[in-house]
file model-v2.cif (mmCIF, N, CA and C atoms)
data_model
#
loop_
_atom_site.label_atom_id
_atom_site.label_comp_id
_atom_site.auth_asym_id
_atom_site.auth_seq_id
_atom_site.Cartn_x
_atom_site.Cartn_y
_atom_site.Cartn_z
N MET J 1 -5.65 -9.42 28.12
CA MET J 1 -5.81 -10.52 29.07
C MET J 1 -5.08 -11.74 28.49
N LEU J 2 -4.25 -12.33 29.30
CA LEU J 2 -3.54 -13.52 28.91
C LEU J 2 -3.76 -14.55 30.01
N ILE J 3 -4.34 -15.68 29.66
CA ILE J 3 -4.57 -16.74 30.63
C ILE J 3 -3.26 -17.53 30.78
N SER J 4 -2.80 -17.67 32.00
CA SER J 4 -1.53 -18.35 32.26
C SER J 4 -1.69 -19.86 32.20
N THR J 5 -0.56 -20.52 32.27
CA THR J 5 -0.55 -21.99 32.33
C THR J 5 -1.36 -22.46 33.53
N ARG J 6 -1.26 -21.75 34.61
CA ARG J 6 -2.00 -22.09 35.83
C ARG J 6 -3.51 -22.15 35.57
N GLY J 7 -4.05 -21.15 34.90
CA GLY J 7 -5.47 -21.11 34.57
C GLY J 7 -5.86 -22.21 33.59
N ARG J 8 -5.04 -22.42 32.60
CA ARG J 8 -5.33 -23.46 31.60
C ARG J 8 -5.29 -24.85 32.24
N TYR J 9 -4.31 -25.07 33.10
CA TYR J 9 -4.23 -26.36 33.77
C TYR J 9 -5.41 -26.56 34.73
N ALA J 10 -5.87 -25.49 35.35
CA ALA J 10 -7.02 -25.61 36.25
C ALA J 10 -8.23 -26.16 35.51
N LEU J 11 -8.45 -25.67 34.31
CA LEU J 11 -9.57 -26.18 33.51
C LEU J 11 -9.35 -27.66 33.15
N ARG J 12 -8.13 -28.02 32.81
CA ARG J 12 -7.84 -29.43 32.50
C ARG J 12 -8.08 -30.32 33.71
N VAL J 13 -7.68 -29.86 34.88
CA VAL J 13 -7.87 -30.62 36.12
C VAL J 13 -9.35 -30.82 36.39
N LEU J 14 -10.14 -29.77 36.24
CA LEU J 14 -11.57 -29.86 36.51
C LEU J 14 -12.27 -30.79 35.53
N VAL J 15 -11.90 -30.71 34.27
CA VAL J 15 -12.49 -31.62 33.28
C VAL J 15 -12.10 -33.06 33.60
N ASP J 16 -10.85 -33.27 33.95
CA ASP J 16 -10.39 -34.62 34.30
C ASP J 16 -11.14 -35.16 35.51
N MET J 17 -11.28 -34.35 36.55
CA MET J 17 -12.01 -34.78 37.74
C MET J 17 -13.47 -35.10 37.40
N ALA J 18 -14.05 -34.28 36.54
CA ALA J 18 -15.44 -34.50 36.15
C ALA J 18 -15.59 -35.80 35.37
N GLU J 19 -14.65 -36.07 34.50
CA GLU J 19 -14.73 -37.27 33.67
C GLU J 19 -14.42 -38.56 34.43
N HIS J 20 -13.65 -38.46 35.50
CA HIS J 20 -13.23 -39.65 36.25
C HIS J 20 -13.86 -39.76 37.63
N ARG J 21 -14.90 -39.01 37.86
CA ARG J 21 -15.53 -39.02 39.18
C ARG J 21 -16.52 -40.17 39.30
N LYS J 22 -16.65 -40.61 40.52
CA LYS J 22 -17.66 -41.58 40.90
C LYS J 22 -18.36 -41.00 42.11
N VAL J 23 -19.64 -41.21 42.21
CA VAL J 23 -20.43 -40.62 43.27
C VAL J 23 -19.82 -40.91 44.64
N GLY J 24 -19.57 -39.85 45.40
CA GLY J 24 -19.07 -39.99 46.76
C GLY J 24 -17.59 -40.27 46.88
N GLU J 25 -16.89 -40.48 45.77
CA GLU J 25 -15.47 -40.80 45.83
C GLU J 25 -14.61 -39.60 45.45
N TYR J 26 -13.37 -39.68 45.88
CA TYR J 26 -12.39 -38.64 45.59
C TYR J 26 -11.44 -39.14 44.51
N VAL J 27 -10.96 -38.22 43.69
CA VAL J 27 -10.02 -38.55 42.62
C VAL J 27 -8.62 -38.22 43.12
N PRO J 28 -7.72 -39.22 43.19
CA PRO J 28 -6.35 -38.94 43.63
C PRO J 28 -5.64 -37.97 42.68
N LEU J 29 -4.99 -36.97 43.25
CA LEU J 29 -4.31 -35.97 42.43
C LEU J 29 -3.18 -36.59 41.61
N LEU J 30 -2.55 -37.62 42.13
CA LEU J 30 -1.49 -38.30 41.39
C LEU J 30 -2.05 -38.87 40.09
N ASP J 31 -3.26 -39.42 40.13
CA ASP J 31 -3.88 -39.97 38.93
C ASP J 31 -4.15 -38.86 37.91
N VAL J 32 -4.64 -37.74 38.38
CA VAL J 32 -4.90 -36.60 37.49
C VAL J 32 -3.59 -36.13 36.87
N ALA J 33 -2.55 -36.02 37.69
CA ALA J 33 -1.24 -35.56 37.21
C ALA J 33 -0.70 -36.49 36.12
N LYS J 34 -0.84 -37.77 36.32
CA LYS J 34 -0.36 -38.72 35.31
C LYS J 34 -1.15 -38.61 34.01
N ARG J 35 -2.48 -38.57 34.13
CA ARG J 35 -3.31 -38.49 32.92
C ARG J 35 -3.07 -37.20 32.15
N GLN J 36 -2.87 -36.11 32.87
CA GLN J 36 -2.70 -34.80 32.24
C GLN J 36 -1.24 -34.46 31.93
N GLU J 37 -0.33 -35.32 32.39
CA GLU J 37 1.10 -35.11 32.19
C GLU J 37 1.55 -33.75 32.74
N ILE J 38 1.13 -33.52 33.98
CA ILE J 38 1.47 -32.29 34.70
C ILE J 38 2.06 -32.69 36.05
N SER J 39 3.04 -31.97 36.50
CA SER J 39 3.67 -32.25 37.79
C SER J 39 2.63 -32.23 38.91
N GLU J 40 2.67 -33.26 39.77
CA GLU J 40 1.74 -33.31 40.90
C GLU J 40 1.96 -32.12 41.82
N LYS J 41 3.19 -31.73 42.01
CA LYS J 41 3.52 -30.60 42.88
C LYS J 41 2.87 -29.31 42.33
N TYR J 42 2.94 -29.12 41.03
CA TYR J 42 2.34 -27.94 40.42
C TYR J 42 0.82 -27.98 40.56
N LEU J 43 0.24 -29.17 40.37
CA LEU J 43 -1.21 -29.32 40.50
C LEU J 43 -1.68 -29.06 41.93
N GLU J 44 -0.86 -29.40 42.91
CA GLU J 44 -1.23 -29.15 44.31
C GLU J 44 -1.51 -27.66 44.53
N ASN J 45 -0.67 -26.82 43.96
CA ASN J 45 -0.86 -25.37 44.10
C ASN J 45 -2.13 -24.90 43.40
N ILE J 46 -2.40 -25.46 42.25
CA ILE J 46 -3.60 -25.09 41.50
C ILE J 46 -4.84 -25.52 42.27
N VAL J 47 -4.82 -26.75 42.77
CA VAL J 47 -5.97 -27.29 43.48
C VAL J 47 -6.24 -26.52 44.77
N LYS J 48 -5.20 -26.01 45.42
CA LYS J 48 -5.40 -25.18 46.61
C LYS J 48 -6.27 -23.98 46.29
N SER J 49 -6.03 -23.36 45.15
CA SER J 49 -6.84 -22.21 44.73
C SER J 49 -8.28 -22.63 44.46
N LEU J 50 -8.46 -23.80 43.87
CA LEU J 50 -9.80 -24.29 43.56
C LEU J 50 -10.56 -24.67 44.83
N VAL J 51 -9.82 -25.18 45.82
CA VAL J 51 -10.45 -25.49 47.12
C VAL J 51 -10.87 -24.19 47.80
N LYS J 52 -9.98 -23.22 47.81
CA LYS J 52 -10.27 -21.93 48.44
C LYS J 52 -11.50 -21.27 47.81
N ALA J 53 -11.68 -21.47 46.51
CA ALA J 53 -12.83 -20.89 45.79
C ALA J 53 -14.10 -21.73 45.95
N GLY J 54 -13.97 -22.89 46.61
CA GLY J 54 -15.14 -23.74 46.83
C GLY J 54 -15.55 -24.57 45.63
N ILE J 55 -14.66 -24.71 44.66
CA ILE J 55 -14.97 -25.47 43.45
C ILE J 55 -14.69 -26.95 43.64
N VAL J 56 -13.64 -27.27 44.39
CA VAL J 56 -13.33 -28.65 44.73
C VAL J 56 -13.13 -28.76 46.24
N GLU J 57 -13.20 -29.99 46.73
CA GLU J 57 -12.90 -30.25 48.14
C GLU J 57 -11.96 -31.44 48.20
N GLY J 58 -11.18 -31.48 49.25
CA GLY J 58 -10.19 -32.54 49.38
C GLY J 58 -10.37 -33.37 50.63
N LEU J 59 -9.78 -34.56 50.58
CA LEU J 59 -9.76 -35.47 51.71
C LEU J 59 -8.39 -36.12 51.75
N ARG J 60 -7.76 -36.07 52.92
CA ARG J 60 -6.44 -36.67 53.09
C ARG J 60 -6.56 -38.14 53.47
N GLY J 61 -5.49 -38.86 53.24
CA GLY J 61 -5.43 -40.25 53.68
C GLY J 61 -5.92 -41.24 52.63
N LYS J 62 -6.04 -42.50 53.08
CA LYS J 62 -6.46 -43.57 52.18
C LYS J 62 -7.86 -43.27 51.63
N GLY J 63 -7.99 -43.41 50.33
CA GLY J 63 -9.26 -43.10 49.68
C GLY J 63 -9.46 -41.62 49.46
N GLY J 64 -8.42 -40.84 49.75
CA GLY J 64 -8.52 -39.40 49.63
C GLY J 64 -8.20 -38.90 48.24
N GLY J 65 -8.24 -37.63 48.11
CA GLY J 65 -8.01 -36.96 46.83
C GLY J 65 -8.86 -35.72 46.79
N TYR J 66 -9.38 -35.43 45.61
CA TYR J 66 -10.20 -34.24 45.43
C TYR J 66 -11.44 -34.61 44.62
N ARG J 67 -12.49 -33.82 44.83
CA ARG J 67 -13.71 -33.99 44.03
C ARG J 67 -14.39 -32.64 43.86
N LEU J 68 -15.20 -32.57 42.83
CA LEU J 68 -15.95 -31.36 42.56
C LEU J 68 -17.00 -31.15 43.65
N THR J 69 -17.28 -29.91 43.99
CA THR J 69 -18.28 -29.63 45.01
C THR J 69 -19.69 -29.53 44.42
N ARG J 70 -19.76 -29.46 43.10
CA ARG J 70 -21.06 -29.44 42.43
C ARG J 70 -20.92 -30.08 41.05
N GLU J 71 -22.03 -30.26 40.40
CA GLU J 71 -22.04 -30.89 39.08
C GLU J 71 -21.26 -30.05 38.07
N PRO J 72 -20.62 -30.69 37.09
CA PRO J 72 -19.84 -29.94 36.09
C PRO J 72 -20.63 -28.88 35.34
N ASP J 73 -21.93 -29.09 35.17
CA ASP J 73 -22.73 -28.09 34.46
C ASP J 73 -23.09 -26.90 35.35
N ARG J 74 -22.65 -26.93 36.61
CA ARG J 74 -22.89 -25.83 37.55
C ARG J 74 -21.60 -25.10 37.91
N ILE J 75 -20.51 -25.45 37.23
CA ILE J 75 -19.22 -24.78 37.45
C ILE J 75 -18.89 -24.01 36.18
N CYS J 76 -18.98 -22.69 36.26
CA CYS J 76 -18.68 -21.91 35.05
C CYS J 76 -17.18 -21.69 34.93
N VAL J 77 -16.75 -21.59 33.71
CA VAL J 77 -15.33 -21.42 33.40
C VAL J 77 -14.77 -20.16 34.06
N ARG J 78 -15.57 -19.12 34.12
CA ARG J 78 -15.09 -17.87 34.72
C ARG J 78 -14.68 -18.09 36.18
N ASP J 79 -15.50 -18.80 36.96
CA ASP J 79 -15.18 -19.05 38.36
C ASP J 79 -13.85 -19.79 38.50
N ALA J 80 -13.65 -20.78 37.65
CA ALA J 80 -12.41 -21.56 37.71
C ALA J 80 -11.20 -20.71 37.35
N LEU J 81 -11.33 -19.92 36.31
CA LEU J 81 -10.20 -19.07 35.90
C LEU J 81 -9.90 -18.00 36.93
N GLU J 82 -10.93 -17.38 37.48
CA GLU J 82 -10.70 -16.34 38.49
C GLU J 82 -10.08 -16.93 39.76
N ALA J 83 -10.40 -18.17 40.07
CA ALA J 83 -9.80 -18.82 41.24
C ALA J 83 -8.29 -18.91 41.10
N CYS J 84 -7.82 -19.11 39.89
CA CYS J 84 -6.38 -19.28 39.67
C CYS J 84 -5.68 -18.05 39.10
N GLU J 85 -6.41 -17.24 38.38
CA GLU J 85 -5.82 -16.08 37.72
C GLU J 85 -6.02 -14.78 38.49
N GLY J 86 -7.03 -14.75 39.34
CA GLY J 86 -7.42 -13.48 39.94
C GLY J 86 -8.36 -12.79 38.98
N THR J 87 -8.23 -11.51 38.87
CA THR J 87 -9.13 -10.75 38.01
C THR J 87 -8.95 -11.09 36.53
N LEU J 88 -10.03 -11.01 35.79
CA LEU J 88 -9.96 -11.17 34.34
C LEU J 88 -10.28 -9.85 33.64
N ALA J 89 -10.34 -8.77 34.42
CA ALA J 89 -10.63 -7.46 33.86
C ALA J 89 -9.54 -7.06 32.87
N PRO J 90 -9.93 -6.46 31.74
CA PRO J 90 -8.93 -6.09 30.75
C PRO J 90 -8.07 -4.88 31.15
N VAL J 91 -8.56 -4.06 32.08
CA VAL J 91 -7.78 -2.91 32.58
C VAL J 91 -7.96 -2.82 34.09
N SER J 92 -6.99 -2.27 34.77
CA SER J 92 -6.99 -2.26 36.22
C SER J 92 -8.14 -1.47 36.84
N CYS J 93 -8.64 -0.46 36.16
CA CYS J 93 -9.71 0.35 36.75
C CYS J 93 -11.03 -0.42 36.83
N LEU J 94 -11.14 -1.55 36.15
CA LEU J 94 -12.35 -2.36 36.19
C LEU J 94 -12.25 -3.55 37.14
N GLU J 95 -11.11 -3.70 37.79
CA GLU J 95 -10.95 -4.78 38.75
C GLU J 95 -11.86 -4.55 39.95
N ALA J 96 -12.36 -5.63 40.52
CA ALA J 96 -13.19 -5.52 41.71
C ALA J 96 -12.41 -4.83 42.82
N GLY J 97 -13.04 -3.86 43.44
CA GLY J 97 -12.40 -3.14 44.53
C GLY J 97 -11.39 -2.08 44.11
N ALA J 98 -11.27 -1.83 42.82
CA ALA J 98 -10.31 -0.83 42.35
C ALA J 98 -10.75 0.57 42.79
N ARG J 99 -9.77 1.38 43.10
CA ARG J 99 -10.07 2.76 43.46
C ARG J 99 -10.53 3.49 42.20
N PRO J 100 -11.53 4.33 42.34
CA PRO J 100 -12.00 5.08 41.16
C PRO J 100 -10.88 5.94 40.57
N CYS J 101 -10.78 5.87 39.29
CA CYS J 101 -9.76 6.64 38.58
C CYS J 101 -10.20 8.11 38.51
N ALA J 102 -9.28 9.01 38.72
CA ALA J 102 -9.59 10.44 38.67
C ALA J 102 -10.05 10.86 37.27
N ARG J 103 -9.66 10.12 36.27
CA ARG J 103 -10.01 10.44 34.89
C ARG J 103 -11.29 9.74 34.41
N MET J 104 -11.87 8.93 35.26
CA MET J 104 -12.99 8.09 34.83
C MET J 104 -14.13 8.89 34.17
N ALA J 105 -14.47 10.02 34.73
CA ALA J 105 -15.57 10.83 34.19
C ALA J 105 -15.28 11.36 32.79
N HIS J 106 -14.00 11.48 32.45
CA HIS J 106 -13.61 12.04 31.15
C HIS J 106 -12.89 11.02 30.27
N CYS J 107 -12.83 9.80 30.69
CA CYS J 107 -12.08 8.78 29.96
C CYS J 107 -12.82 8.38 28.68
N ARG J 108 -12.21 8.62 27.56
CA ARG J 108 -12.84 8.31 26.28
C ARG J 108 -12.77 6.81 25.96
N THR J 109 -11.86 6.10 26.61
CA THR J 109 -11.71 4.67 26.32
C THR J 109 -12.47 3.78 27.29
N LEU J 110 -12.96 4.33 28.39
CA LEU J 110 -13.64 3.52 29.40
C LEU J 110 -14.79 2.69 28.82
N PRO J 111 -15.65 3.26 27.99
CA PRO J 111 -16.74 2.43 27.43
C PRO J 111 -16.23 1.22 26.63
N LEU J 112 -15.11 1.39 25.95
CA LEU J 112 -14.51 0.28 25.21
C LEU J 112 -14.13 -0.84 26.17
N TRP J 113 -13.42 -0.48 27.26
CA TRP J 113 -12.96 -1.48 28.23
C TRP J 113 -14.14 -2.11 28.98
N GLN J 114 -15.15 -1.33 29.28
CA GLN J 114 -16.34 -1.88 29.93
C GLN J 114 -17.05 -2.88 29.01
N GLY J 115 -17.13 -2.55 27.75
CA GLY J 115 -17.75 -3.46 26.79
C GLY J 115 -16.97 -4.75 26.64
N LEU J 116 -15.65 -4.63 26.55
CA LEU J 116 -14.80 -5.82 26.44
C LEU J 116 -14.93 -6.68 27.69
N ASP J 117 -14.92 -6.03 28.85
CA ASP J 117 -15.07 -6.76 30.11
C ASP J 117 -16.40 -7.52 30.14
N GLN J 118 -17.45 -6.89 29.65
CA GLN J 118 -18.77 -7.53 29.64
C GLN J 118 -18.80 -8.73 28.68
N VAL J 119 -18.17 -8.59 27.53
CA VAL J 119 -18.12 -9.69 26.56
C VAL J 119 -17.36 -10.88 27.14
N ILE J 120 -16.23 -10.60 27.76
CA ILE J 120 -15.43 -11.66 28.38
C ILE J 120 -16.23 -12.35 29.47
N SER J 121 -16.84 -11.56 30.34
CA SER J 121 -17.63 -12.11 31.45
C SER J 121 -18.79 -12.95 30.94
N ASP J 122 -19.53 -12.41 29.98
CA ASP J 122 -20.68 -13.14 29.45
C ASP J 122 -20.27 -14.47 28.83
N TYR J 123 -19.19 -14.44 28.06
CA TYR J 123 -18.74 -15.67 27.39
C TYR J 123 -18.28 -16.71 28.41
N LEU J 124 -17.42 -16.31 29.33
CA LEU J 124 -16.88 -17.27 30.30
C LEU J 124 -17.94 -17.75 31.29
N ASN J 125 -18.93 -16.90 31.58
CA ASN J 125 -20.04 -17.33 32.43
C ASN J 125 -20.98 -18.28 31.71
N SER J 126 -21.00 -18.22 30.39
CA SER J 126 -21.90 -19.08 29.61
C SER J 126 -21.33 -20.47 29.34
N ARG J 127 -20.06 -20.67 29.64
CA ARG J 127 -19.40 -21.95 29.41
C ARG J 127 -19.13 -22.63 30.74
N THR J 128 -19.39 -23.93 30.79
CA THR J 128 -19.19 -24.70 32.01
C THR J 128 -18.17 -25.81 31.79
N ILE J 129 -17.80 -26.45 32.89
CA ILE J 129 -16.90 -27.60 32.78
C ILE J 129 -17.57 -28.70 31.97
N ALA J 130 -18.88 -28.86 32.11
CA ALA J 130 -19.61 -29.85 31.32
C ALA J 130 -19.48 -29.56 29.82
N ASP J 131 -19.50 -28.29 29.45
CA ASP J 131 -19.32 -27.93 28.03
C ASP J 131 -17.96 -28.37 27.53
N LEU J 132 -16.94 -28.22 28.37
CA LEU J 132 -15.58 -28.59 27.97
C LEU J 132 -15.41 -30.10 27.84
N MET J 133 -16.30 -30.85 28.45
CA MET J 133 -16.24 -32.31 28.39
C MET J 133 -16.80 -32.84 27.07
N GLN J 134 -17.54 -32.01 26.35
CA GLN J 134 -18.19 -32.43 25.11
C GLN J 134 -17.22 -32.38 23.94
N PRO J 135 -17.03 -33.49 23.24
CA PRO J 135 -16.16 -33.46 22.06
C PRO J 135 -16.84 -32.69 20.93
N GLY J 136 -16.04 -31.96 20.17
CA GLY J 136 -16.57 -31.27 19.01
C GLY J 136 -17.32 -29.99 19.31
N VAL J 137 -17.25 -29.50 20.53
CA VAL J 137 -17.91 -28.25 20.86
C VAL J 137 -17.13 -27.10 20.23
N SER J 138 -17.83 -26.17 19.66
CA SER J 138 -17.19 -25.02 19.04
C SER J 138 -16.27 -24.34 20.04
N GLY J 139 -15.06 -24.03 19.62
CA GLY J 139 -14.11 -23.37 20.50
C GLY J 139 -13.13 -24.33 21.16
N ASP J 140 -13.29 -25.64 20.91
CA ASP J 140 -12.37 -26.58 21.53
C ASP J 140 -11.32 -27.09 20.54
N ASP J 141 -11.06 -26.30 19.53
CA ASP J 141 -10.12 -26.70 18.49
C ASP J 141 -8.71 -26.15 18.73
N TYR J 142 -8.38 -25.90 19.98
CA TYR J 142 -7.05 -25.42 20.32
C TYR J 142 -6.39 -26.44 21.23
N VAL J 143 -5.10 -26.30 21.36
CA VAL J 143 -4.33 -27.21 22.20
C VAL J 143 -3.80 -26.45 23.39
N ILE J 144 -3.98 -27.03 24.57
CA ILE J 144 -3.46 -26.40 25.79
C ILE J 144 -2.17 -27.09 26.16
#

call {"tool": "encode", "arguments": {"input": "model-v2.cif", "output": "structure tokens"}}
result
Amino acid sequence: MLISTRGRYALRVLVDMAEHRKVGEYVPLLDVAKRQEISEKYLENIVKSLVKAGIVEGLRGKGGGYRLTREPDRICVRDALEACEGTLAPVSCLEAGARPCARMAHCRTLPLWQGLDQVISDYLNSRTIADLMQPGVSGDDYVI
């Protein structure tokens, strides 16, 4: 599994929106783009995926922009990544809606992939946007 720039930027956008939100107001995407040093055009495509997933909502016109649909501690990292990346399954046979593999009953590696999939899911489900907002949290020692 390799998380693309799109997925990494989605997390940055959500953290930025969470940190700069005011009750009832929308955060202009141009402001997010400037703070994050990411093209506004590129962010528009990312935000479309987040809107479609119900993680953010938008408003056009004066005073418009985007805002989170729920509190940062109620948005898990997995939901955000899946909105932009699609499946996070380590192998295609574990993707949602995948056709059963003819070898599944005899596959010696399937338990390995199922275990890895569970570890990934558990970890990403246990982390929220609020967690990413905390300085010094274990696991935030990388650069995106």

call {"tool": "resolve_selection", "arguments": {"input": "model-v2.cif", "expression": "the PyMOL selection byres ((chain J and resi 116-130) around 7)", "output": "JSON, numbers by chain"}}
result
{"J": [14, 15, 71, 72, 73, 74, 75, 76, 77, 78, 79, 88, 89, 90, 111, 112, 113, 114, 115, 131, 132, 133, 134]}

call {"tool": "resolve_selection", "arguments": {"input": "model-v2.cif", "expression": "the PyMOL selection byres ((chain J and resi 49-61) around 8)", "output": "PyMOL selection string"}}
result
chain J and resi 10+26-27+43-48+62-70+75+79-80+82-84

call {"tool": "atom_distance", "arguments": {"input": "model-v2.cif", "atom1": "atom CA of Gly86 of chain J", "atom2": "atom C of Arg35 of chain J"}}
result
25.3 Å

call {"tool": "atom_distance", "arguments": {"input": "model-v2.cif", "atom1": "atom CA of Leu2 of chain J", "atom2": "atom CA of Gly97 of chain J"}}
result
20.7 Å

call {"tool": "axis_aligned_box", "arguments": {"input": "model-v2.cif", "around": "segment 83-87 of chain J", "padding_each_side": "8 Å", "output": "JSON"}}
result
{"center_x": -8.0, "center_y": -15.0, "center_z": 38.9, "size_x": 20.7, "size_y": 24.5, "size_z": 20.7}

call {"tool": "closest_residue", "arguments": {"input": "model-v2.cif", "among": "J:Met104, J:Val91, J:Leu110, J:Val32", "to": "Met17 of chain J", "atoms": "all atoms listed in the file"}}
result
J:Val32

call {"tool": "select_by_dssp", "arguments": {"input": "model-v2.cif", "residues": "segment 7-107 of chain J", "states": "strand (DSSP E or B)", "output": "PyMOL selection string"}}
result
chain J and resi 27+56-59+65-68+76

call {"tool": "atom_distance", "arguments": {"input": "model-v2.cif", "atom1": "atom CA of Ala33 of chain J", "atom2": "atom CA of Leu81 of chain J"}}
result
18.8 Å

call {"tool": "select_by_dssp", "arguments": {"input": "model-v2.cif", "residues": "segment 5-54 of chain J", "states": "helix (DSSP H, G or I)", "output": "number ranges by chain"}}
result
J: 5-19, 29-36, 40-52

call {"tool": "build_atoms", "arguments": {"input": "model-v2.cif", "residues": "segment 42-61 of chain J", "atoms": "N, CA, C and O atoms", "output": "tab-separated table (two decimals), in the frame of the given file"}}
result
chain	number	residue	atom	x	y	z
J	42	TYR	N	2.94	-29.12	41.03
J	42	TYR	CA	2.34	-27.94	40.42
J	42	TYR	C	0.82	-27.98	40.56
J	42	TYR	O	0.17	-26.98	40.86
J	43	LEU	N	0.24	-29.17	40.37
J	43	LEU	CA	-1.21	-29.32	40.50
J	43	LEU	C	-1.68	-29.06	41.93
J	43	LEU	O	-2.77	-28.55	42.13
J	44	GLU	N	-0.86	-29.40	42.91
J	44	GLU	CA	-1.23	-29.15	44.31
J	44	GLU	C	-1.51	-27.66	44.53
J	44	GLU	O	-2.47	-27.29	45.22
J	45	ASN	N	-0.67	-26.82	43.96
J	45	ASN	CA	-0.86	-25.37	44.10
J	45	ASN	C	-2.13	-24.90	43.40
J	45	ASN	O	-2.84	-24.03	43.90
J	46	ILE	N	-2.40	-25.46	42.25
J	46	ILE	CA	-3.60	-25.09	41.50
J	46	ILE	C	-4.84	-25.52	42.27
J	46	ILE	O	-5.80	-24.76	42.43
J	47	VAL	N	-4.82	-26.75	42.77
J	47	VAL	CA	-5.97	-27.29	43.48
J	47	VAL	C	-6.24	-26.52	44.77
J	47	VAL	O	-7.40	-26.32	45.15
J	48	LYS	N	-5.20	-26.01	45.42
J	48	LYS	CA	-5.40	-25.18	46.61
J	48	LYS	C	-6.27	-23.98	46.29
J	48	LYS	O	-7.16	-23.62	47.07
J	49	SER	N	-6.03	-23.36	45.15
J	49	SER	CA	-6.84	-22.21	44.73
J	49	SER	C	-8.28	-22.63	44.46
J	49	SER	O	-9.22	-21.91	44.78
J	50	LEU	N	-8.46	-23.80	43.87
J	50	LEU	CA	-9.80	-24.29	43.56
J	50	LEU	C	-10.56	-24.67	44.83
J	50	LEU	O	-11.77	-24.47	44.92
J	51	VAL	N	-9.82	-25.18	45.82
J	51	VAL	CA	-10.45	-25.49	47.12
J	51	VAL	C	-10.87	-24.19	47.80
J	51	VAL	O	-12.00	-24.07	48.29
J	52	LYS	N	-9.98	-23.22	47.81
J	52	LYS	CA	-10.27	-21.93	48.44
J	52	LYS	C	-11.50	-21.27	47.81
J	52	LYS	O	-12.30	-20.64	48.49
J	53	ALA	N	-11.68	-21.47	46.51
J	53	ALA	CA	-12.83	-20.89	45.79
J	53	ALA	C	-14.10	-21.73	45.95
J	53	ALA	O	-15.16	-21.34	45.49
J	54	GLY	N	-13.97	-22.89	46.61
J	54	GLY	CA	-15.14	-23.74	46.83
J	54	GLY	C	-15.55	-24.57	45.63
J	54	GLY	O	-16.66	-25.09	45.58
J	55	ILE	N	-14.66	-24.71	44.66
J	55	ILE	CA	-14.97	-25.47	43.45
J	55	ILE	C	-14.69	-26.95	43.64
J	55	ILE	O	-15.40	-27.80	43.10
J	56	VAL	N	-13.64	-27.27	44.39
J	56	VAL	CA	-13.33	-28.65	44.73
J	56	VAL	C	-13.13	-28.76	46.24
J	56	VAL	O	-12.92	-27.76	46.92
J	57	GLU	N	-13.20	-29.99	46.73
J	57	GLU	CA	-12.90	-30.25	48.14
J	57	GLU	C	-11.96	-31.44	48.20
J	57	GLU	O	-11.95	-32.28	47.29
J	58	GLY	N	-11.18	-31.48	49.25
J	58	GLY	CA	-10.19	-32.54	49.38
J	58	GLY	C	-10.37	-33.37	50.63
J	58	GLY	O	-11.03	-32.96	51.58
J	59	LEU	N	-9.78	-34.56	50.58
J	59	LEU	CA	-9.76	-35.47	51.71
J	59	LEU	C	-8.39	-36.12	51.75
J	59	LEU	O	-7.92	-36.65	50.75
J	60	ARG	N	-7.76	-36.07	52.92
J	60	ARG	CA	-6.44	-36.67	53.09
J	60	ARG	C	-6.56	-38.14	53.47
J	60	ARG	O	-7.59	-38.57	53.98
J	61	GLY	N	-5.49	-38.86	53.24
J	61	GLY	CA	-5.43	-40.25	53.68
J	61	GLY	C	-5.92	-41.24	52.63
J	61	GLY	O	-6.17	-40.90	51.48
